[in-house]
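> One file is attached below, upload00.txt, containing compact mmCIF, C-alpha atoms and all ligand atoms.
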```txt
# COMPACT_ATOMS: atom_id res chain seq x y z
CA MET A 1 0.00 0.00 0.00
CA PRO A 2 1.62 3.25 -1.08
CA GLN A 3 1.60 6.31 1.11
CA ARG A 4 -0.32 9.17 -0.46
CA THR A 5 0.44 11.87 2.06
CA ASN A 6 3.72 13.27 0.71
CA ASN A 7 2.39 14.61 -2.61
CA PRO A 8 3.74 18.18 -2.49
CA ASN A 9 0.93 19.45 -4.71
CA ARG A 10 -1.84 18.38 -2.40
CA LYS A 11 -3.80 21.22 -0.80
CA SER A 12 -6.17 21.26 2.14
CA TRP A 13 -9.49 23.03 2.66
CA ILE A 14 -7.98 24.19 5.97
CA GLY A 15 -6.06 27.36 5.15
CA TYR A 16 -2.48 28.02 6.25
CA ASN A 17 0.50 30.18 5.34
CA ARG A 18 3.25 28.91 3.05
CA ASP A 19 5.75 28.86 5.89
CA THR A 20 3.67 26.74 8.29
CA HIS A 21 5.42 23.72 9.82
CA PHE A 22 2.18 21.78 9.51
CA PRO A 23 0.92 21.59 5.91
CA ILE A 24 -1.38 18.71 4.92
CA GLN A 25 1.75 16.69 4.04
CA ASN A 26 2.94 16.61 7.69
CA ILE A 27 0.09 14.95 9.65
CA PRO A 28 1.91 14.66 13.00
CA PHE A 29 0.43 13.00 16.08
CA GLY A 30 -0.06 14.49 19.53
CA VAL A 31 -2.31 14.53 22.58
CA PHE A 32 -4.23 17.58 23.74
CA LEU A 33 -6.77 18.86 26.19
CA THR A 34 -9.77 20.46 24.43
CA ARG A 35 -11.72 23.54 25.56
CA ASP A 36 -14.26 21.09 27.03
CA ASN A 37 -11.51 19.55 29.21
CA VAL A 38 -11.41 16.31 27.24
CA ILE A 39 -8.07 14.64 26.53
CA THR A 40 -7.81 13.29 23.03
CA ILE A 41 -5.34 12.13 20.42
CA GLY A 42 -5.03 14.53 17.53
CA THR A 43 -3.21 15.82 14.53
CA ARG A 44 -2.55 19.34 13.28
CA ILE A 45 -2.98 21.22 10.02
CA GLY A 46 -1.80 24.84 9.94
CA ASP A 47 -2.93 26.46 13.18
CA TYR A 48 -5.73 23.96 13.82
CA ALA A 49 -5.74 20.92 16.10
CA ILE A 50 -7.87 18.04 14.84
CA ASP A 51 -9.54 15.72 17.31
CA LEU A 52 -8.96 12.19 15.99
CA GLY A 53 -11.15 10.73 18.75
CA ALA A 54 -14.10 12.76 17.48
CA LEU A 55 -13.29 11.85 13.87
CA GLN A 56 -13.31 8.18 14.81
CA GLU A 57 -16.52 8.49 16.82
CA LEU A 58 -18.24 10.14 13.87
CA GLY A 59 -17.27 7.24 11.62
CA TYR A 60 -14.54 8.80 9.52
CA PHE A 61 -12.18 5.85 10.09
CA SER A 62 -14.73 3.10 9.42
CA ASP A 63 -12.61 1.70 6.57
CA VAL A 64 -9.46 1.49 8.71
CA PRO A 65 -9.14 -1.54 11.03
CA LEU A 66 -8.77 0.11 14.47
CA THR A 67 -9.94 -0.77 17.97
CA ASP A 68 -13.04 1.28 18.87
CA ASP A 69 -11.31 3.63 21.29
CA MET A 70 -7.96 3.89 19.53
CA PHE A 71 -7.94 7.69 19.55
CA MET A 72 -9.98 8.29 22.70
CA GLN A 73 -6.94 7.80 24.89
CA ASP A 74 -4.52 10.01 26.72
CA THR A 75 -1.39 8.58 25.09
CA LEU A 76 -0.36 7.37 21.64
CA ASN A 77 1.26 4.15 22.93
CA ASP A 78 -1.49 1.77 21.71
CA PHE A 79 -1.65 3.41 18.31
CA ILE A 80 2.13 3.24 17.99
CA SER A 81 2.01 -0.45 19.04
CA ASP A 82 -0.29 -1.18 16.11
CA GLY A 83 2.66 -0.76 13.78
CA LYS A 84 3.75 0.83 10.57
CA LYS A 85 0.87 -0.43 8.41
CA THR A 86 -1.75 1.17 10.68
CA TRP A 87 0.22 4.45 10.87
CA ARG A 88 0.19 4.62 7.09
CA LEU A 89 -3.52 3.73 6.71
CA VAL A 90 -4.48 6.42 9.23
CA ARG A 91 -2.24 9.09 7.69
CA ASN A 92 -3.54 8.29 4.20
CA ARG A 93 -7.11 8.59 5.46
CA ILE A 94 -6.46 11.89 7.28
CA GLY A 95 -4.83 13.28 4.13
CA ASP A 96 -7.93 12.31 2.13
CA ILE A 97 -10.41 13.78 4.65
CA PHE A 98 -8.70 17.18 4.60
CA ASP A 99 -7.93 17.22 0.86
CA LYS A 100 -9.25 20.39 -0.75
CA GLU A 101 -11.40 18.41 -3.19
CA ASN A 102 -13.07 16.17 -0.60
CA PRO A 103 -16.46 17.52 0.61
CA GLU A 104 -17.14 14.81 3.30
CA LEU A 105 -16.11 16.91 6.28
CA ARG A 106 -15.41 20.17 4.45
CA ASP A 107 -19.11 20.70 3.85
CA HIS A 108 -20.35 19.31 7.20
CA LYS A 109 -20.43 22.30 9.52
CA GLU A 110 -21.74 20.40 12.55
CA HIS A 111 -18.99 17.79 12.38
CA ARG A 112 -16.31 20.40 11.75
CA GLU A 113 -17.29 22.17 14.96
CA ARG A 114 -16.82 18.96 16.95
CA ILE A 115 -13.53 18.00 15.32
CA ILE A 116 -11.50 21.15 14.68
CA PHE A 117 -10.04 23.47 17.32
CA ALA A 118 -7.88 26.57 16.98
CA MET A 119 -4.44 25.79 18.42
CA ASP A 120 -4.86 28.48 21.08
CA GLU A 121 -7.96 26.69 22.43
CA VAL A 122 -6.10 23.48 23.23
CA GLU A 123 -3.37 22.54 25.69
CA MET A 124 -0.74 20.16 24.42
CA GLN A 125 0.25 17.20 26.62
CA LEU A 126 3.08 14.67 26.46
CA PRO A 127 2.22 12.57 23.38
CA VAL A 128 3.32 9.24 24.80
CA MET A 129 3.76 7.52 28.15
CA ILE A 130 7.55 7.29 28.00
CA GLY A 131 8.64 4.02 29.60
CA ASP A 132 12.35 4.40 29.04
CA TYR A 133 14.54 7.27 27.95
CA THR A 134 18.00 6.77 26.48
CA ASP A 135 20.32 9.59 25.48
CA PHE A 136 23.01 9.04 22.86
CA TYR A 137 26.11 11.16 22.30
CA SER A 138 26.23 10.94 18.53
CA SER A 139 27.48 14.32 17.30
CA LYS A 140 31.19 14.11 16.66
CA GLU A 141 31.61 17.87 16.84
CA HIS A 142 29.89 17.98 20.24
CA ALA A 143 31.90 15.07 21.64
CA THR A 144 35.10 16.66 20.30
CA ASN A 145 34.29 20.08 21.78
CA VAL A 146 33.44 18.63 25.20
CA GLY A 147 36.53 16.37 25.14
CA THR A 148 38.71 19.34 24.19
CA MET A 149 37.37 21.48 27.03
CA PHE A 150 37.30 18.91 29.80
CA ARG A 151 40.06 16.45 28.97
CA ASP A 152 42.67 16.72 26.29
CA PRO A 153 42.49 18.59 22.95
CA ASP A 154 44.87 16.03 21.41
CA ASN A 155 42.70 13.08 22.41
CA ALA A 156 39.32 14.76 22.50
CA LEU A 157 37.37 11.70 21.33
CA LEU A 158 37.54 8.71 23.65
CA PRO A 159 38.81 5.50 21.96
CA ASN A 160 35.36 3.88 21.72
CA TRP A 161 33.62 6.85 20.09
CA LEU A 162 34.15 6.05 16.40
CA HIS A 163 33.28 2.38 17.00
CA MET A 164 29.86 2.62 18.64
CA PRO A 165 27.06 5.13 19.32
CA VAL A 166 27.79 5.81 22.99
CA ALA A 167 24.74 6.38 25.25
CA TYR A 168 23.45 6.38 28.82
CA HIS A 169 20.07 5.56 30.35
CA GLY A 170 18.17 8.69 31.35
CA ARG A 171 15.09 9.30 33.45
CA SER A 172 11.61 9.41 31.91
CA SER A 173 9.79 10.79 34.98
CA SER A 174 11.17 14.28 34.46
CA ILE A 175 10.35 14.66 30.77
CA VAL A 176 7.88 17.50 30.20
CA PRO A 177 6.19 18.98 27.13
CA SER A 178 6.90 22.40 25.71
CA GLY A 179 5.43 25.20 27.82
CA ILE A 180 6.03 23.70 31.27
CA PRO A 181 8.49 25.85 33.25
CA ILE A 182 11.30 24.11 35.11
CA HIS A 183 13.30 25.01 38.21
CA ARG A 184 17.01 25.61 38.45
CA PRO A 185 18.34 22.55 40.28
CA LYS A 186 20.43 22.46 43.43
CA GLY A 187 23.21 19.98 43.91
CA GLN A 188 26.79 19.20 44.78
CA THR A 189 29.55 20.93 42.87
CA PHE A 190 33.28 21.33 43.28
CA PRO A 191 34.08 24.90 42.19
CA ALA A 192 37.47 25.60 40.62
CA ASN A 193 39.99 26.78 43.25
CA ALA A 194 37.85 25.41 46.10
CA ASP A 195 39.24 22.95 48.64
CA GLU A 196 36.13 20.89 49.02
CA PRO A 197 32.76 20.27 47.38
CA THR A 198 29.82 22.51 48.16
CA PHE A 199 26.01 22.39 47.92
CA GLY A 200 23.71 24.98 46.34
CA PRO A 201 21.94 26.16 43.18
CA SER A 202 23.65 25.12 39.97
CA LYS A 203 25.40 28.13 38.47
CA LEU A 204 25.86 26.58 35.04
CA VAL A 205 22.42 25.57 33.74
CA ASP A 206 22.55 24.81 30.04
CA PHE A 207 20.36 23.58 27.20
CA GLU A 208 21.26 20.72 24.88
CA LEU A 209 19.84 20.97 21.36
CA GLU A 210 18.73 17.45 20.52
CA MET A 211 16.15 15.49 18.60
CA ALA A 212 14.68 12.21 19.78
CA PHE A 213 12.98 9.29 18.08
CA ILE A 214 10.07 7.33 19.51
CA THR A 215 9.88 3.57 19.04
CA THR A 216 7.15 0.98 18.72
CA ASP A 217 7.38 -2.44 20.43
CA ALA A 218 10.46 -3.46 18.59
CA ASN A 219 11.64 -6.82 19.84
CA ASN A 220 11.42 -9.55 22.41
CA LEU A 221 13.99 -9.72 25.17
CA GLY A 222 17.10 -11.34 23.72
CA HIS A 223 16.37 -10.44 20.09
CA PRO A 224 18.54 -7.77 18.46
CA ILE A 225 17.04 -5.49 15.77
CA PRO A 226 19.05 -5.64 12.53
CA VAL A 227 20.39 -2.25 11.53
CA ASN A 228 18.73 -2.27 8.13
CA GLU A 229 15.29 -3.03 9.63
CA ALA A 230 15.57 -0.55 12.48
CA GLU A 231 13.52 2.21 10.86
CA ASP A 232 10.47 -0.08 10.70
CA TYR A 233 10.32 0.25 14.49
CA ILE A 234 10.68 4.03 14.66
CA PHE A 235 7.39 5.92 14.71
CA GLY A 236 8.65 9.46 14.48
CA MET A 237 10.68 12.26 15.97
CA VAL A 238 10.42 15.27 18.27
CA LEU A 239 12.66 18.14 19.36
CA LEU A 240 14.36 17.57 22.71
CA ASN A 241 15.96 20.04 25.09
CA ASP A 242 18.04 17.93 27.44
CA TRP A 243 18.55 20.52 30.21
CA SER A 244 21.91 20.07 31.90
CA ALA A 245 23.66 21.46 34.98
CA ARG A 246 27.30 21.58 33.90
CA ASP A 247 28.82 22.19 37.34
CA ILE A 248 26.90 19.27 38.89
CA GLN A 249 27.78 17.13 35.87
CA LYS A 250 31.50 17.86 36.11
CA TRP A 251 31.73 16.73 39.74
CA GLU A 252 29.40 13.71 39.64
CA TYR A 253 29.94 12.03 36.27
CA VAL A 254 32.98 9.86 37.02
CA PRO A 255 32.81 6.88 36.73
CA LEU A 256 29.16 6.07 35.94
CA GLY A 257 28.14 9.03 33.76
CA PRO A 258 25.61 11.83 34.22
CA PHE A 259 22.97 11.52 36.94
CA LEU A 260 21.43 14.51 38.76
CA ALA A 261 22.96 16.98 36.28
CA LYS A 262 20.58 15.65 33.64
CA ASN A 263 17.49 14.19 35.27
CA PHE A 264 15.96 17.38 36.72
CA ALA A 265 14.22 18.12 33.40
CA SER A 266 14.16 17.31 29.70
CA SER A 267 11.56 18.93 27.48
CA ILE A 268 10.10 17.78 24.15
CA SER A 269 8.02 19.31 21.38
CA PRO A 270 4.46 17.95 21.57
CA TRP A 271 3.86 16.82 17.97
CA ILE A 272 5.51 13.59 16.80
CA VAL A 273 6.46 13.96 13.14
CA THR A 274 6.47 10.53 11.49
CA LEU A 275 9.45 9.13 9.60
CA GLU A 276 7.05 8.82 6.68
CA ALA A 277 6.57 12.61 6.60
CA LEU A 278 10.35 13.08 6.74
CA GLU A 279 10.92 10.77 3.76
CA PRO A 280 11.53 13.58 1.20
CA PHE A 281 14.33 14.96 3.40
CA ARG A 282 16.49 11.88 3.66
CA THR A 283 20.17 12.51 3.26
CA GLU A 284 23.50 10.88 3.77
CA GLY A 285 25.21 11.42 7.14
CA PRO A 286 28.85 12.44 7.54
CA LYS A 287 31.48 10.16 5.98
CA ARG A 288 32.60 7.30 8.23
CA GLU A 289 36.09 7.86 9.54
CA GLN A 290 36.53 4.25 10.63
CA PRO A 291 34.93 1.13 9.19
CA VAL A 292 32.02 0.08 11.44
CA MET A 293 31.25 -3.42 12.65
CA LYS A 294 28.75 -5.40 10.59
CA TYR A 295 25.84 -4.97 13.02
CA LEU A 296 26.20 -1.17 12.60
CA ASP A 297 26.66 -1.14 8.83
CA SER A 298 23.52 0.70 7.71
CA LYS A 299 22.96 0.81 3.95
CA GLY A 300 21.46 3.82 2.21
CA LYS A 301 20.45 7.21 3.52
CA HIS A 302 19.39 7.21 7.17
CA SER A 303 19.95 10.81 8.09
CA PHE A 304 17.52 13.70 7.63
CA ASP A 305 18.06 17.29 6.60
CA ILE A 306 16.35 19.14 9.47
CA ASN A 307 17.23 22.77 10.19
CA LEU A 308 17.47 23.47 13.90
CA GLU A 309 17.47 26.81 15.73
CA VAL A 310 17.72 27.86 19.37
CA ASP A 311 16.50 31.17 20.81
CA VAL A 312 17.23 32.55 24.25
CA THR A 313 14.66 35.09 25.49
CA PRO A 314 15.16 37.05 28.73
CA ASP A 315 12.15 37.77 30.94
CA ASN A 316 9.92 40.24 29.05
CA GLY A 317 12.63 40.57 26.41
CA ARG A 318 13.11 39.79 22.75
CA PRO A 319 14.43 36.46 21.46
CA THR A 320 18.01 36.12 20.21
CA THR A 321 18.84 33.18 17.97
CA VAL A 322 22.03 31.79 19.46
CA CYS A 323 22.39 28.60 17.40
CA ASN A 324 21.69 27.35 13.86
CA SER A 325 22.40 23.65 13.43
CA ASN A 326 21.13 20.67 11.46
CA PHE A 327 20.20 17.10 12.35
CA LYS A 328 22.24 15.84 9.38
CA TYR A 329 25.49 16.58 11.24
CA MET A 330 24.93 13.52 13.46
CA TYR A 331 27.74 11.02 12.93
CA TRP A 332 25.69 8.01 14.07
CA ASN A 333 22.22 7.66 12.50
CA ILE A 334 19.00 6.50 14.17
CA SER A 335 19.20 3.01 12.61
CA GLN A 336 22.67 2.50 14.04
CA GLN A 337 21.50 3.81 17.41
CA LEU A 338 18.56 1.39 17.62
CA ALA A 339 20.64 -1.55 16.33
CA HIS A 340 23.33 -0.84 18.90
CA HIS A 341 20.79 -0.38 21.70
CA THR A 342 19.32 -3.85 21.06
CA VAL A 343 22.41 -5.79 19.91
CA ASN A 344 22.69 -7.37 23.37
CA GLY A 345 18.98 -8.28 23.34
CA CYS A 346 17.79 -5.23 25.29
CA ARG A 347 14.04 -4.85 24.86
CA VAL A 348 12.56 -1.67 23.43
CA ASN A 349 8.90 -0.78 23.94
CA SER A 350 6.22 1.41 22.40
CA GLY A 351 6.78 4.99 23.54
CA ASP A 352 10.47 4.71 24.40
CA LEU A 353 12.35 7.94 23.72
CA MET A 354 15.87 7.93 22.27
CA GLY A 355 17.73 11.24 22.34
CA SER A 356 20.36 11.99 19.72
CA GLY A 357 22.76 13.77 22.03
CA THR A 358 23.60 17.44 21.59
CA ILE A 359 23.69 18.29 17.89
CA SER A 360 26.64 20.51 17.08
CA GLY A 361 27.77 21.33 13.57
CA PRO A 362 31.19 22.23 12.20
CA THR A 363 30.99 26.01 12.75
CA PRO A 364 30.83 27.90 16.08
CA GLU A 365 27.31 29.26 15.42
CA SER A 366 26.07 25.68 15.01
CA TYR A 367 27.15 24.50 18.47
CA GLY A 368 24.15 23.02 20.32
CA SER A 369 24.79 24.10 23.91
CA MET A 370 25.85 27.23 25.82
CA LEU A 371 28.84 25.26 27.08
CA GLU A 372 30.18 25.19 23.53
CA LEU A 373 28.73 28.51 22.28
CA SER A 374 30.37 30.41 25.15
CA TRP A 375 33.31 27.98 25.23
CA ARG A 376 32.94 27.19 28.95
CA GLY A 377 32.10 30.82 29.66
CA GLU A 378 35.24 32.25 28.07
CA LYS A 379 33.34 33.84 25.15
CA PRO A 380 30.01 35.17 26.42
CA VAL A 381 27.15 35.18 23.90
CA LYS A 382 25.65 38.62 23.16
CA LEU A 383 21.87 38.95 23.22
CA ASN A 384 19.83 41.54 21.28
CA ASP A 385 19.21 43.62 24.40
CA GLY A 386 22.95 44.09 24.94
CA SER A 387 23.17 41.63 27.82
CA GLU A 388 25.48 38.62 27.74
CA ARG A 389 25.04 34.97 28.58
CA LYS A 390 27.58 32.34 29.50
CA PHE A 391 24.84 29.96 30.58
CA ILE A 392 21.06 30.22 31.09
CA GLU A 393 19.83 32.70 33.71
CA ASP A 394 16.73 32.60 35.88
CA ASN A 395 13.55 33.49 33.95
CA ASP A 396 15.19 33.01 30.55
CA THR A 397 13.14 31.03 28.05
CA VAL A 398 14.89 28.58 25.74
CA THR A 399 13.06 27.87 22.47
CA MET A 400 14.10 25.28 19.89
CA ARG A 401 12.59 25.00 16.42
CA GLY A 402 13.11 22.45 13.68
CA TYR A 403 11.91 22.21 10.09
CA CYS A 404 12.79 20.67 6.74
CA HIS A 405 12.24 22.32 3.41
CA LYS A 406 12.59 21.42 -0.21
CA GLY A 407 11.13 23.61 -2.94
CA ASP A 408 7.71 24.67 -1.68
CA LEU A 409 7.35 21.77 0.76
CA ARG A 410 8.07 22.54 4.39
CA ILE A 411 7.62 20.00 7.19
CA GLY A 412 8.29 21.16 10.73
CA PHE A 413 8.22 20.16 14.35
CA GLY A 414 6.91 23.44 15.77
CA GLU A 415 8.87 24.27 18.87
CA VAL A 416 9.89 23.24 22.34
CA SER A 417 9.94 26.31 24.56
CA ASN A 418 10.42 26.29 28.33
CA LYS A 419 11.25 28.89 30.93
CA LEU A 420 13.91 28.38 33.59
CA LEU A 421 12.52 29.44 36.97
CA PRO A 422 14.69 30.21 40.02
CA VAL A 423 15.45 27.45 42.49
CA TYR A 424 12.33 26.03 44.16
CA GLU A 425 12.17 27.42 47.69
CA GLY A 426 9.32 25.31 49.02
CA LYS A 427 5.59 26.00 49.22
CA LYS A 428 4.66 29.62 49.88
CA LYS A 429 2.99 29.89 53.29
MN MN B 501 21.93 15.04 26.29
```
Can I see the file as structure tokens?

Amino acid sequence: MPQRTNNPNRKSWIGYNRDTHFPIQNIPFGVFLTRDNVITIGTRIGDYAIDLGALQELGYFSDVPLTDDMFMQDTLNDFISDGKKTWRLVRNRIGDIFDKENPELRDHKEHRERIIFAMDEVEMQLPVMIGDYTDFYSSKEHATNVGTMFRDPDNALLPNWLHMPVAYHGRSSSIVPSGIPIHRPKGQTFPANADEPTFGPSKLVDFELEMAFITTDANNLGHPIPVNEAEDYIFGMVLLNDWSARDIQKWEYVPLGPFLAKNFASSISPWIVTLEALEPFRTEGPKREQPVMKYLDSKGKHSFDINLEVDVTPDNGRPTTVCNSNFKYMYWNISQQLAHHTVNGCRVNSGDLMGSGTISGPTPESYGSMLELSWRGEKPVKLNDGSERKFIEDNDTVTMRGYCHKGDLRIGFGEVSNKLLPVYEGKKK
């Protein structure tokens, strides 16, 4: 069954601007709270959220084999579990319903009022119940920059780095959607020139520009996923800000890796853009600098050309774009990441989130963290209002955007935007 959703000439009867991230070719999936306080699964076209639960209830999916309450749920996990064939059937059907030439819903005012909401009437939720969260470290430029700053410029990459996509297990309980403010964490640090460690608010809170992919139930325990089948088990992608406290990280990370420096918050964009929608933007990743082992030898194009931007906005101020990067800079691709993750038989479930690691490009303006942009604080970053940032300050908002474009076709992720609040001081009396 071919997918029909990527036709760049298709138009919708829902109007939108040329530069929207969400044309009828995108058809992402998310979960939102409606103005009537109902949680539902939905999609988005232009600036409108579409209630897929209501569409299903009104019979618009009667030709697609789905369980009766597939979209009347508060997470996408069951839908994702249904697999690639169902994802395609549903996206094809949604594309048809909203096609400019199709009068079914277009000319049914009563149904339209039950199904379509303006984006500012809905509140986006986390799209999936994330069981497990893994964070890779797959940008060579990022790993090189961090190795240069913290260890040894002559041996910036550790010996394993070119042989495997290095990763650690993160914490899913602190993942939040765009819009939810987070608190500056407290913790142990060992300041330079101090004689002993100290406790207090982190002074070096940072963002990490990342993307993440979301899996379906991929395998049974003990069964590796072959690298050239891995994409069949990847539902789609989101933007990820993997908030980090650099001073806590520096003191705690030896020998078992990051812990409290990373698990106080990670934020994601609320719409999952499917791999199918990203198909026109496939590209080759960077050239391999070492031959890879057979289980990591992905054939064909498994990277995607996705423009990425980060803004920092002071309280009541104007945004400054501090970073322009691209997902295609990742040395290890998502197929290699999933193959490596499961090569020992590790089980992967529907709704697992796999972060790329900070995405830095080859030039200084493409570095994906303040740590690199300000080079450990040595080169402060100028904002539009004249102020400077080495790291993120209280009440700053960090906003990440991502989109692909080719000719007139633009497919985007929207944004992940979260404010950093001061340290939590306990409940106000
Ligand atoms: Mn990270």
> Show which residues sit within 6 Å of Lys419 of chain A, as a PDB file with C-alpha atoms, keeping the file's coordinate frame. Count all atoms listed in the file, and ignore same-chain residues fewer than 2 positions away.

```
ATOM      1  CA  PRO A 181       8.490  25.850  33.250  1.00  0.00           C
ATOM      2  CA  ASN A 395      13.550  33.490  33.950  1.00  0.00           C
ATOM      3  CA  ASP A 396      15.190  33.010  30.550  1.00  0.00           C
ATOM      4  CA  THR A 397      13.140  31.030  28.050  1.00  0.00           C
TER       5      THR A 397
END
```
> I'd like a table as a Markdown table: residues in segment 267-350 of chain A with an atom no more than 10 Å from segment 43-50 of chain A, each row giving the shortest atom pair and its distance in Å to one decimal, all atoms listed in the file counted, sorted by chain and rising residue number.

```
| residue | atom | partner | partner_atom | distance |
| --- | --- | --- | --- | --- |
| A:Trp271 | CA | A:Thr43 | CA | 7.9 |
| A:Ile272 | CA | A:Thr43 | CA | 9.3 |
| A:Val273 | CA | A:Thr43 | CA | 9.9 |
```
> When the cut-off is 10 Å and you count only C-alpha atoms and all ligand atoms, which residues lie near ligand MN 501 (chain B), shown as a list in words?
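The neighbouring residues of ligand MN 501 (chain B) are, in order, Thr134, Asp135, Phe136, Tyr137, Ser138, Ala167, Tyr168, Gly170, Phe207, Glu208, Leu209, Glu210, Met211, Leu240, Asn241, Asp242, Trp243, Ser244, Pro258, Lys262, Ser266, Gly355, Ser356, Gly357, Thr358, Ile359 and Ser369 of chain A.
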> Write out as a ChimeraX atom specification each polymer residue whose atoms come within 12 Å of segment 156-159 of chain A, counting all atoms listed in the file; drop sequence neighbours fewer than 3 positions from it.
/A:137-153,162-166,290
> Quick one: residues within 6 Å of (-10.1, 10.2, 21.7) (file frame), counting only C-alpha atoms, please, as a PyMOL selection string.
chain A and resi 40-41+53+71-73
> To one decimal place in Å, what is the distance between atom CA of Lys390 of chain A and atom CA of Gly377 of chain A?
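Atom CA of Gly377 of chain A lies 4.8 Å from atom CA of Lys390 of chain A.
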> For Ser335 of chain A, list every protein, DNA or RNA residue within 9 Å, evaluated using only C-alpha atoms, and leave out those in the same chain fewer than 5 positions away; present the list as a list in words.
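What passes the distance filter is Pro226, Val227, Asn228, Glu229, Ala230, Glu231, Ile234, Leu296, Ser298, His302 and His340 of chain A.
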> Find the spatial neighbours of Ile94 of chain A, counting all atoms listed in the file, within a cut-off of 12 Å - ignore same-chain residues fewer than 4 positions away - and output them as a ChimeraX atom specification.
/A:3-5,12,24-29,42-45,50-52,55-56,60-61,63-64,87-90,98-99,102,104-105
> Ranking A:Thr320, A:Glu284, A:Ser366, A:His169 by minimum distance to Phe259 of chain A and counting all atoms listed in the file, which one comes first?
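Of A:Thr320, A:Glu284, A:Ser366, A:His169, the one nearest Phe259 of chain A is A:His169, counting all atoms listed in the file.
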> Using only C-alpha atoms, pick whichever of A:Glu113, A:Thr34, A:Pro23, A:Ile130 has the shortest atom-to-atom distance to Asn9 of chain A.
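Nearest to Asn9 of chain A: A:Pro23.
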> Report as a compact mmCIF listing (two decimals) with C-alpha atoms, keeping the file's coordinate frame all protein, DNA and RNA residues lying within 10 Å of segment 248-255 of chain A, evaluated on all atoms listed in the file, omitting residues in the same chain fewer than 2 positions from it.

```
# COMPACT_ATOMS: atom_id res chain seq x y z
CA PHE A 150 37.30 18.91 29.80
CA PRO A 185 18.34 22.55 40.28
CA LYS A 186 20.43 22.46 43.43
CA GLY A 187 23.21 19.98 43.91
CA GLN A 188 26.79 19.20 44.78
CA THR A 189 29.55 20.93 42.87
CA PHE A 190 33.28 21.33 43.28
CA PRO A 191 34.08 24.90 42.19
CA PRO A 197 32.76 20.27 47.38
CA PHE A 199 26.01 22.39 47.92
CA GLY A 200 23.71 24.98 46.34
CA PRO A 201 21.94 26.16 43.18
CA SER A 202 23.65 25.12 39.97
CA LYS A 203 25.40 28.13 38.47
CA LEU A 204 25.86 26.58 35.04
CA VAL A 205 22.42 25.57 33.74
CA SER A 244 21.91 20.07 31.90
CA ALA A 245 23.66 21.46 34.98
CA ARG A 246 27.30 21.58 33.90
CA GLY A 257 28.14 9.03 33.76
CA PRO A 258 25.61 11.83 34.22
CA PHE A 259 22.97 11.52 36.94
CA LEU A 260 21.43 14.51 38.76
CA ALA A 261 22.96 16.98 36.28
CA LYS A 262 20.58 15.65 33.64
```
> If you measure from atom CA of Gly83 of chain A to atom CA of His405 of chain A, what distance in Å do you get, rounded to one decimal?
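That distance, rounded to one decimal, is 27.1 Å.
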> Which is closer to Arg389 of chain A than all the others in A:Thr283, A:Asn344, A:Thr313, A:Ser269, using all atoms listed in the file?
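Checking each candidate against Arg389 of chain A, we get A:Thr313 as the closest.
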> Check the smallest atom-to-atom distance from each of A:Phe391, A:Tyr16, A:Tyr329, A:Phe281 to Glu372 of chain A using all atoms listed in the file, then report the winner.
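Once distances to Glu372 of chain A are computed over all atoms listed in the file, the minimum belongs to A:Phe391.
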> Taking all atoms listed in the file into account, which of A:Met330, A:Val381, A:Leu126, A:Ala218 comes nearest Ile80 of chain A?
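That would be A:Ala218, the residue with the smallest distance to Ile80 of chain A.
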> Select, from A:Ala212, A:Leu373, A:Met129, A:Val348, the residue with the minimum atom-to-atom distance to Ser325 of chain A, counting all atoms listed in the file.
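Closest to Ser325 of chain A of all the choices is A:Leu373.
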> Just how far from atom CA of Leu353 of chain A is atom CA of Tyr233 of chain A, in Å to one decimal?
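For atom CA of Tyr233 of chain A relative to atom CA of Leu353 of chain A, the distance reads 12.2 Å.
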